[in-house]
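**Student:** File name work_23.txt; file contents compact mmCIF, C-alpha atoms; full text below.
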# COMPACT_ATOMS: atom_id res chain seq x y z
CA MET A 1 -7.46 25.77 35.58
CA LEU A 2 -7.74 22.46 37.38
CA GLU A 3 -7.09 19.38 35.23
CA TYR A 4 -7.78 15.71 35.90
CA GLU A 5 -5.16 12.96 36.14
CA ILE A 6 -7.55 10.29 34.94
CA MET A 7 -7.98 12.05 31.58
CA LYS A 8 -4.29 12.70 30.91
CA PRO A 9 -3.63 9.37 29.12
CA TYR A 10 -6.08 10.48 26.40
CA SER A 11 -4.25 12.98 24.20
CA ASN A 12 -7.42 13.76 22.21
CA ILE A 13 -9.23 15.03 25.32
CA SER A 14 -9.01 18.23 27.33
CA CYS A 15 -10.92 18.14 30.62
CA PHE A 16 -10.85 21.01 33.11
CA SER A 17 -12.51 23.11 35.78
CA THR A 18 -11.88 26.83 36.10
CA THR A 19 -10.96 28.59 39.31
CA ARG A 20 -11.70 32.15 40.47
CA HIS A 21 -8.25 33.40 39.51
CA ASP A 22 -6.69 35.32 36.60
CA GLY A 23 -9.84 36.80 35.09
CA CYS A 24 -11.28 40.31 34.86
CA GLY A 25 -14.45 40.09 36.97
CA GLU A 26 -15.06 42.19 40.07
CA GLY A 27 -16.74 41.78 43.45
CA ALA A 28 -18.67 38.52 43.80
CA TYR A 29 -17.70 37.77 40.19
CA ALA A 30 -13.98 38.10 40.84
CA SER A 31 -12.44 37.15 38.75
CA PHE A 32 -12.80 34.33 36.22
CA ASN A 33 -16.54 33.99 35.64
CA CYS A 34 -17.45 32.68 32.18
CA THR A 35 -21.19 32.24 32.69
CA HIS A 36 -23.48 34.68 30.94
CA TYR A 37 -26.72 34.40 32.94
CA CYS A 38 -25.67 35.04 36.54
CA GLY A 39 -25.66 38.84 36.43
CA ASP A 40 -22.01 39.60 35.55
CA ASN A 41 -20.84 42.33 33.18
CA PRO A 42 -21.22 40.79 29.67
CA LEU A 43 -17.92 42.31 28.55
CA HIS A 44 -16.07 40.62 31.42
CA VAL A 45 -17.74 37.30 30.59
CA LYS A 46 -16.70 37.63 26.95
CA GLN A 47 -13.11 38.45 27.89
CA ASN A 48 -12.93 35.55 30.33
CA ARG A 49 -14.29 33.13 27.75
CA GLU A 50 -11.68 34.31 25.28
CA ARG A 51 -8.99 33.71 27.87
CA LEU A 52 -10.36 30.24 28.58
CA CYS A 53 -10.25 29.34 24.88
CA SER A 54 -6.66 30.56 24.65
CA LEU A 55 -5.64 28.35 27.58
CA LEU A 56 -6.90 25.13 26.00
CA PRO A 57 -4.43 23.00 23.99
CA LYS A 58 -6.41 23.75 20.82
CA ARG A 59 -8.96 26.49 20.36
CA PRO A 60 -12.44 24.93 20.43
CA VAL A 61 -14.99 25.46 17.70
CA GLU A 62 -17.37 26.65 20.39
CA LEU A 63 -17.98 26.70 24.13
CA VAL A 64 -21.34 24.98 24.61
CA ILE A 65 -22.77 26.39 27.87
CA PRO A 66 -26.41 25.49 28.61
CA ARG A 67 -28.72 27.62 30.69
CA GLN A 68 -29.28 25.26 33.58
CA THR A 69 -32.45 25.19 35.65
CA HIS A 70 -31.99 22.08 37.85
CA THR A 71 -33.83 19.79 35.43
CA THR A 72 -32.76 16.34 34.24
CA ASN A 73 -32.94 17.39 30.58
CA VAL A 74 -30.12 16.07 28.41
CA ARG A 75 -29.30 17.72 25.07
CA VAL A 76 -27.47 15.91 22.27
CA ILE A 77 -25.23 18.34 20.38
CA THR A 78 -25.13 17.55 16.65
CA ALA A 79 -24.17 21.05 15.40
CA SER A 80 -23.71 24.53 16.83
CA PRO A 81 -26.74 24.88 19.13
CA THR A 82 -28.99 27.90 19.18
CA GLU A 83 -29.58 29.75 22.43
CA GLU A 84 -33.10 28.34 22.50
CA GLU A 85 -31.81 24.76 22.23
CA LEU A 86 -29.72 25.28 25.38
CA GLN A 87 -32.56 26.60 27.54
CA GLU A 88 -33.52 24.43 30.54
CA VAL A 89 -30.75 21.94 29.80
CA ASP A 90 -28.59 20.47 32.56
CA ALA A 91 -26.50 17.94 30.62
CA VAL A 92 -24.99 17.96 27.15
CA VAL A 93 -23.48 15.10 25.13
CA THR A 94 -21.78 14.87 21.76
CA ASP A 95 -19.53 12.80 19.53
CA LEU A 96 -18.37 15.89 17.63
CA THR A 97 -14.79 17.07 17.88
CA GLY A 98 -14.00 20.69 18.73
CA TYR A 99 -17.14 21.43 20.74
CA CYS A 100 -16.26 22.12 24.37
CA LEU A 101 -19.18 20.94 26.51
CA CYS A 102 -19.42 22.93 29.73
CA VAL A 103 -21.56 23.22 32.84
CA SER A 104 -21.67 26.17 35.23
CA THR A 105 -21.57 25.55 38.98
CA ALA A 106 -21.04 27.25 42.32
CA ASP A 107 -21.42 24.35 44.80
CA CYS A 108 -23.45 21.99 42.57
CA VAL A 109 -21.66 18.91 41.24
CA PRO A 110 -20.16 18.92 37.74
CA VAL A 111 -19.66 15.45 36.23
CA LEU A 112 -17.59 14.99 33.07
CA LEU A 113 -17.65 11.78 31.01
CA TYR A 114 -15.60 10.31 28.17
CA ASP A 115 -16.49 7.10 26.33
CA VAL A 116 -13.03 5.96 25.25
CA GLU A 117 -14.42 3.31 22.88
CA LYS A 118 -17.18 5.18 21.03
CA LYS A 119 -15.48 8.59 21.32
CA ALA A 120 -18.30 10.54 22.94
CA ILE A 121 -18.29 13.06 25.80
CA ALA A 122 -20.72 14.57 28.29
CA ALA A 123 -20.89 17.42 30.78
CA ILE A 124 -23.49 17.18 33.55
CA HIS A 125 -24.78 19.68 36.12
CA ALA A 126 -25.94 17.75 39.20
CA GLY A 127 -27.30 19.94 41.96
CA TRP A 128 -29.27 18.17 44.64
CA ARG A 129 -32.41 18.22 42.48
CA GLY A 130 -30.57 16.82 39.48
CA THR A 131 -28.86 14.25 41.67
CA VAL A 132 -32.10 13.05 43.26
CA GLY A 133 -33.56 12.92 39.72
CA ARG A 134 -30.59 10.74 38.68
CA ILE A 135 -29.36 13.01 35.90
CA VAL A 136 -26.05 11.11 35.69
CA GLU A 137 -27.89 7.86 35.03
CA LYS A 138 -30.15 9.55 32.47
CA THR A 139 -27.14 10.99 30.65
CA LEU A 140 -25.52 7.57 30.44
CA GLU A 141 -28.80 6.16 29.13
CA VAL A 142 -28.86 8.83 26.39
CA MET A 143 -25.24 8.01 25.51
CA LYS A 144 -26.04 4.30 25.33
CA GLU A 145 -29.04 4.92 23.09
CA ARG A 146 -27.21 7.40 20.88
CA TYR A 147 -23.66 5.99 20.74
CA ASP A 148 -23.99 2.48 22.23
CA THR A 149 -21.91 3.64 25.20
CA GLN A 150 -21.10 0.88 27.69
CA GLY A 151 -20.30 1.83 31.27
CA GLU A 152 -17.06 -0.15 31.39
CA ASN A 153 -15.68 2.13 28.64
CA VAL A 154 -16.49 5.39 30.44
CA VAL A 155 -13.98 7.55 32.31
CA ALA A 156 -15.56 10.05 34.71
CA CYS A 157 -14.55 13.11 36.72
CA ILE A 158 -16.53 14.54 39.64
CA ALA A 159 -15.30 18.12 39.85
CA PRO A 160 -15.00 20.55 42.80
CA SER A 161 -18.35 21.12 44.51
CA ILE A 162 -19.86 21.24 47.97
CA SER A 163 -18.77 18.49 50.38
CA LEU A 164 -20.81 16.41 52.79
CA GLU A 165 -19.37 18.39 55.71
CA ALA A 166 -20.61 21.67 54.25
CA PHE A 167 -23.89 20.55 52.65
CA GLU A 168 -26.45 20.86 55.42
CA VAL A 169 -30.01 20.12 54.30
CA GLY A 170 -33.52 20.11 55.71
CA ASP A 171 -35.54 17.02 56.46
CA GLU A 172 -37.48 17.43 53.21
CA VAL A 173 -34.31 17.10 51.11
CA TYR A 174 -33.21 14.05 53.09
CA ALA A 175 -36.66 12.56 52.53
CA ALA A 176 -36.51 13.24 48.79
CA PHE A 177 -33.31 11.18 48.49
CA ALA A 178 -34.68 8.39 50.67
CA GLU A 179 -37.89 8.23 48.62
CA ALA A 180 -35.82 8.12 45.41
CA GLY A 181 -34.15 4.93 46.64
CA PHE A 182 -30.68 6.19 47.53
CA ASP A 183 -28.67 4.27 50.13
CA MET A 184 -28.89 6.83 52.91
CA ASN A 185 -26.28 5.00 54.98
CA ARG A 186 -23.82 5.75 52.17
CA ILE A 187 -24.72 9.36 51.40
CA ALA A 188 -26.10 10.93 54.60
CA ARG A 189 -24.74 11.81 58.02
CA LYS A 190 -26.53 13.43 60.96
CA TYR A 191 -24.86 16.30 62.80
CA GLU A 192 -27.23 18.88 64.28
CA LYS A 193 -29.02 18.57 60.93
CA TRP A 194 -28.69 16.15 58.04
CA HIS A 195 -25.71 16.48 55.69
CA LEU A 196 -25.64 14.86 52.25
CA ASP A 197 -22.70 13.58 50.19
CA LEU A 198 -23.50 14.57 46.60
CA TRP A 199 -20.11 13.26 45.44
CA GLU A 200 -20.98 9.76 46.60
CA ALA A 201 -24.59 9.98 45.38
CA ASN A 202 -23.34 10.71 41.86
CA ARG A 203 -20.49 8.19 42.07
CA LEU A 204 -23.04 5.50 42.94
CA GLN A 205 -25.01 6.40 39.80
CA LEU A 206 -21.89 5.93 37.70
CA LEU A 207 -21.21 2.56 39.31
CA SER A 208 -24.80 1.44 38.77
CA HIS A 209 -24.31 1.88 35.03
CA GLY A 210 -21.14 -0.17 34.90
CA VAL A 211 -18.48 2.52 35.22
CA LYS A 212 -15.48 0.93 36.93
CA PRO A 213 -14.47 2.39 40.32
CA GLU A 214 -10.90 2.89 39.08
CA ASN A 215 -12.25 4.95 36.16
CA ILE A 216 -13.83 7.58 38.42
CA GLU A 217 -11.82 10.53 39.71
CA VAL A 218 -13.37 12.56 42.53
CA ALA A 219 -11.61 15.90 42.90
CA GLY A 220 -12.45 15.98 46.61
CA ILE A 221 -12.33 19.79 46.73
CA CYS A 222 -15.14 21.58 48.57
CA THR A 223 -16.16 24.83 46.89
CA TYR A 224 -17.80 26.13 50.08
CA THR A 225 -14.63 25.58 52.12
CA HIS A 226 -12.34 26.84 49.34
CA CYS A 227 -14.47 29.79 48.25
CA ASN A 228 -11.40 31.93 47.62
CA ASP A 229 -10.41 29.55 44.83
CA PHE A 230 -13.83 28.41 43.56
CA PHE A 231 -17.21 30.14 43.38
CA SER A 232 -19.68 29.19 46.10
CA ALA A 233 -23.27 30.41 45.93
CA ARG A 234 -23.79 29.47 49.58
CA ARG A 235 -20.93 31.81 50.52
CA LEU A 236 -21.27 34.55 47.90
CA GLY A 237 -25.00 34.50 47.14
CA ILE A 238 -26.80 33.71 43.89
CA LYS A 239 -25.61 36.96 42.29
CA SER A 240 -22.05 35.75 41.97
CA GLY A 241 -19.77 33.98 39.52
CA ARG A 242 -19.73 30.36 38.40
CA MET A 243 -16.90 28.00 37.70
CA LEU A 244 -16.96 26.18 34.38
CA SER A 245 -16.20 22.48 34.10
CA GLY A 246 -15.71 21.36 30.54
CA ILE A 247 -14.57 18.61 28.25
CA VAL A 248 -13.61 18.79 24.58
CA MET A 249 -12.56 16.10 22.14
CA TYR A 250 -10.04 16.77 19.39
CA GLU A 251 -9.48 14.91 16.13
Please lay out the structure from this file as structure tokens.

**Tutor:**
Amino acid sequence: MLEYEIMKPYSNISCFSTTRHDGCGEGAYASFNCTHYCGDNPLHVKQNRERLCSLLPKRPVELVIPRQTHTTNVRVITASPTEEELQEVDAVVTDLTGYCLCVSTADCVPVLLYDVEKKAIAAIHAGWRGTVGRIVEKTLEVMKERYDTQGENVVACIAPSISLEAFEVGDEVYAAFAEAGFDMNRIARKYEKWHLDLWEANRLQLLSHGVKPENIEVAGICTYTHCNDFFSARRLGIKSGRMLSGIVMYE
């Protein structure tokens, strides 16, 4: 698993992203897919989840893995959620210890947050639709309303995902970001077609809510380029595995 330097000073936090290695999946799911709704063998998913739990410093109470549908819906976790409660959810937050909040990605941007003052965490799935819908900002707003989270107390990780160089988009996607008020000089570059920087688009949302630049770690790893190490839907197709990015808080 990939860990994050910015979270290491906090001994009560485990923050990670999985790779494709050391699991039991096969083919486009090879080998460490932990996501249950992308077409993989359920037994392999179960075994990989068990391995993930065993690799964490302490075994979590539960892996909370929403069924994402590119919405901007944020779910507050106050107890073990039902499957229904995790439908059409793309961000999860909690102040409970032991619950490992996860998001599944294969090129989309995972963003992990920790409020060091109020002791609350979040895991966010920001594909281009979630990014243009400002799901990171909405998650921080939920955390402020629920826990009185202040941006200056938040530490954030932007996990491996597709890079600007690899993320070619059509004019309609470029227009969607422009119409949503993004600084296109900061997040877009024209090659033969437009390319968008989802890392920067989400980093700007963090900054707009008061997160300090020095409290944001961008992994800088492109899943499309490094598809042997991380799942990439653009390389492998939709019927393929997903990496998990997660954060859990211990007592």

**Student:** Would you please work out which residue, of A:Cys53, A:Met1, A:Val132, A:Val45, is nearest to Tyr29 in chain A when using only C-alpha atoms?

**Tutor:**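 Result for the nearest residue to Tyr29 in chain A: A:Val45.
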
**Student:** Restricting the calculation to only C-alpha atoms, which member of A:Val155, A:Ala188, A:Leu140, A:Leu2 is positioned closest to Glu117 in chain A?

**Tutor:**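 Result for the nearest residue to Glu117 in chain A: A:Val155.
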
**Student:** Counting all atoms listed in the file, figure out which residue out of A:Tyr10, A:Tyr114, A:Tyr174, A:Phe167 gets nearest to Ala233 in chain A.

**Tutor:**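 Comparing A:Tyr10, A:Tyr114, A:Tyr174, A:Phe167 against Ala233 in chain A, the winner is A:Phe167.
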
**Student:** In Å, rounded to a single decimal, give me how far CA of Pro110 in chain A is from CA of Asn202 in chain A.

**Tutor:**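 Computed distance, CA of Asn202 in chain A to CA of Pro110 in chain A, equals 9.7 Å.
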
**Student:** So how far away is CA of Asp90 in chain A from CA of Thr18 in chain A, in Å?

**Tutor:**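 That distance, rounded to one decimal, is 18.2 Å.
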
**Student:** So, counting all atoms listed in the file, which residue among A:Ala120, A:Met243, A:Leu101, A:Ile77 is closest to Asp229 in chain A?

**Tutor:**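 That would be A:Met243, the residue with the smallest distance to Asp229 in chain A.
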
**Student:** Work out how far CA of Val154 in chain A is from CA of Ile216 in chain A, in Å to one decimal.

**Tutor:** 8.7 Å

**Student:** Between A:Ala123, A:Leu96, A:Leu52, A:Leu206, which one has atoms that come closest to Phe32 in chain A, using all atoms listed in the file?

**Tutor:**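 Among A:Ala123, A:Leu96, A:Leu52, A:Leu206, it is A:Leu52 that comes nearest to Phe32 in chain A.
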
**Student:** Fewer than 6 positions away in the same chain doesn't count, so skip those; otherwise give me all residues within 9 Å of Ala159 in chain A, counting all atoms listed in the file, as a ChimeraX atom specification.

**Tutor:** /A:4,16-17,109-112,199,217-221,245

**Student:** Of the residues A:Glu137, A:Asp22, A:Glu3, A:Glu165, which is the one nearest to Ala91 in chain A, using all atoms listed in the file?

**Tutor:** A:Glu137

**Student:** Could you give me the centre and size, in Å to one decimal, of an axis-aligned box around all listed atoms of range 184-195 of chain A with 3 Å added on every side, as JSON?

**Tutor:**
{"center_x": -26.4, "center_y": 11.9, "center_z": 57.8, "size_x": 11.2, "size_y": 19.9, "size_z": 18.9}

**Student:** From (-18.5, 19.7, 51.0), in the file's coordinates, out to 9 Å: which residues are reached, counting only C-alpha atoms? Answer as a PyMOL selection string.

**Tutor:** chain A and resi 107+160-167+196-199+220-225

**Student:** Around (-14.8, 32.4, 36.8), as given in the file, which residues come within 8 Å? Count all atoms listed in the file and list them as a VMD selection string.

**Tutor:** chain A and resid 18 to 21 23 25 29 to 35 48 230 to 231 241 to 244

**Student:** Generate the coordinates of N, CA and C atoms for range 22-48 of chain A; report them as a PDB file, keeping the file's coordinate frame.

**Tutor:**
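Once written, result_10.pdb looks like this:
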ATOM      1  N   ASP A  22      -7.269  34.903  37.883  1.00  0.00           N
ATOM      2  CA  ASP A  22      -6.690  35.320  36.600  1.00  0.00           C
ATOM      3  C   ASP A  22      -7.714  35.744  35.560  1.00  0.00           C
ATOM      4  N   GLY A  23      -8.864  36.257  36.008  1.00  0.00           N
ATOM      5  CA  GLY A  23      -9.840  36.800  35.090  1.00  0.00           C
ATOM      6  C   GLY A  23     -10.001  38.293  35.294  1.00  0.00           C
ATOM      7  N   CYS A  24     -11.095  38.848  34.782  1.00  0.00           N
ATOM      8  CA  CYS A  24     -11.280  40.310  34.860  1.00  0.00           C
ATOM      9  C   CYS A  24     -12.561  40.704  35.579  1.00  0.00           C
ATOM     10  N   GLY A  25     -13.235  39.752  36.243  1.00  0.00           N
ATOM     11  CA  GLY A  25     -14.450  40.090  36.970  1.00  0.00           C
ATOM     12  C   GLY A  25     -14.165  40.829  38.259  1.00  0.00           C
ATOM     13  N   GLU A  26     -15.214  41.400  38.850  1.00  0.00           N
ATOM     14  CA  GLU A  26     -15.060  42.190  40.070  1.00  0.00           C
ATOM     15  C   GLU A  26     -16.095  41.761  41.103  1.00  0.00           C
ATOM     16  N   GLY A  27     -15.805  42.060  42.367  1.00  0.00           N
ATOM     17  CA  GLY A  27     -16.740  41.780  43.450  1.00  0.00           C
ATOM     18  C   GLY A  27     -17.012  40.290  43.580  1.00  0.00           C
ATOM     19  N   ALA A  28     -18.288  39.927  43.667  1.00  0.00           N
ATOM     20  CA  ALA A  28     -18.670  38.520  43.800  1.00  0.00           C
ATOM     21  C   ALA A  28     -18.409  37.730  42.527  1.00  0.00           C
ATOM     22  N   TYR A  29     -18.032  38.430  41.450  1.00  0.00           N
ATOM     23  CA  TYR A  29     -17.700  37.770  40.190  1.00  0.00           C
ATOM     24  C   TYR A  29     -16.194  37.673  39.975  1.00  0.00           C
ATOM     25  N   ALA A  30     -15.433  38.110  40.965  1.00  0.00           N
ATOM     26  CA  ALA A  30     -13.980  38.100  40.840  1.00  0.00           C
ATOM     27  C   ALA A  30     -13.465  36.652  40.892  1.00  0.00           C
ATOM     28  N   SER A  31     -12.640  36.260  39.873  1.00  0.00           N
ATOM     29  CA  SER A  31     -12.440  37.150  38.750  1.00  0.00           C
ATOM     30  C   SER A  31     -12.650  36.436  37.425  1.00  0.00           C
ATOM     31  N   PHE A  32     -12.787  35.096  37.469  1.00  0.00           N
ATOM     32  CA  PHE A  32     -12.800  34.330  36.220  1.00  0.00           C
ATOM     33  C   PHE A  32     -14.160  33.657  36.010  1.00  0.00           C
ATOM     34  N   ASN A  33     -15.197  34.494  35.929  1.00  0.00           N
ATOM     35  CA  ASN A  33     -16.540  33.990  35.640  1.00  0.00           C
ATOM     36  C   ASN A  33     -16.770  33.972  34.142  1.00  0.00           C
ATOM     37  N   CYS A  34     -17.194  32.822  33.618  1.00  0.00           N
ATOM     38  CA  CYS A  34     -17.450  32.680  32.180  1.00  0.00           C
ATOM     39  C   CYS A  34     -18.920  32.432  31.867  1.00  0.00           C
ATOM     40  N   THR A  35     -19.776  32.550  32.871  1.00  0.00           N
ATOM     41  CA  THR A  35     -21.190  32.240  32.690  1.00  0.00           C
ATOM     42  C   THR A  35     -21.981  33.515  32.459  1.00  0.00           C
ATOM     43  N   HIS A  36     -22.844  33.470  31.441  1.00  0.00           N
ATOM     44  CA  HIS A  36     -23.480  34.680  30.940  1.00  0.00           C
ATOM     45  C   HIS A  36     -24.801  35.026  31.603  1.00  0.00           C
ATOM     46  N   TYR A  37     -25.372  34.150  32.429  1.00  0.00           N
ATOM     47  CA  TYR A  37     -26.720  34.400  32.940  1.00  0.00           C
ATOM     48  C   TYR A  37     -26.784  34.551  34.457  1.00  0.00           C
ATOM     49  N   CYS A  38     -25.662  34.900  35.079  1.00  0.00           N
ATOM     50  CA  CYS A  38     -25.670  35.040  36.540  1.00  0.00           C
ATOM     51  C   CYS A  38     -25.510  36.487  36.997  1.00  0.00           C
ATOM     52  N   GLY A  39     -25.631  37.434  36.060  1.00  0.00           N
ATOM     53  CA  GLY A  39     -25.660  38.840  36.430  1.00  0.00           C
ATOM     54  C   GLY A  39     -24.350  39.598  36.265  1.00  0.00           C
ATOM     55  N   ASP A  40     -23.325  38.961  35.715  1.00  0.00           N
ATOM     56  CA  ASP A  40     -22.010  39.600  35.550  1.00  0.00           C
ATOM     57  C   ASP A  40     -22.031  40.545  34.362  1.00  0.00           C
ATOM     58  N   ASN A  41     -21.037  41.423  34.311  1.00  0.00           N
ATOM     59  CA  ASN A  41     -20.840  42.330  33.180  1.00  0.00           C
ATOM     60  C   ASN A  41     -20.570  41.499  31.918  1.00  0.00           C
ATOM     61  N   PRO A  42     -21.396  41.614  30.876  1.00  0.00           N
ATOM     62  CA  PRO A  42     -21.220  40.790  29.670  1.00  0.00           C
ATOM     63  C   PRO A  42     -19.839  40.925  29.034  1.00  0.00           C
ATOM     64  N   LEU A  43     -19.248  42.114  29.114  1.00  0.00           N
ATOM     65  CA  LEU A  43     -17.920  42.310  28.550  1.00  0.00           C
ATOM     66  C   LEU A  43     -16.891  41.471  29.296  1.00  0.00           C
ATOM     67  N   HIS A  44     -16.998  41.434  30.621  1.00  0.00           N
ATOM     68  CA  HIS A  44     -16.070  40.620  31.420  1.00  0.00           C
ATOM     69  C   HIS A  44     -16.241  39.137  31.101  1.00  0.00           C
ATOM     70  N   VAL A  45     -17.485  38.708  30.935  1.00  0.00           N
ATOM     71  CA  VAL A  45     -17.740  37.300  30.590  1.00  0.00           C
ATOM     72  C   VAL A  45     -17.101  36.971  29.249  1.00  0.00           C
ATOM     73  N   LYS A  46     -17.278  37.850  28.275  1.00  0.00           N
ATOM     74  CA  LYS A  46     -16.700  37.630  26.950  1.00  0.00           C
ATOM     75  C   LYS A  46     -15.177  37.548  27.015  1.00  0.00           C
ATOM     76  N   GLN A  47     -14.568  38.456  27.770  1.00  0.00           N
ATOM     77  CA  GLN A  47     -13.110  38.450  27.890  1.00  0.00           C
ATOM     78  C   GLN A  47     -12.617  37.191  28.600  1.00  0.00           C
ATOM     79  N   ASN A  48     -13.325  36.760  29.620  1.00  0.00           N
ATOM     80  CA  ASN A  48     -12.930  35.550  30.330  1.00  0.00           C
ATOM     81  C   ASN A  48     -13.078  34.304  29.458  1.00  0.00           C
TER      82      ASN A  48
END
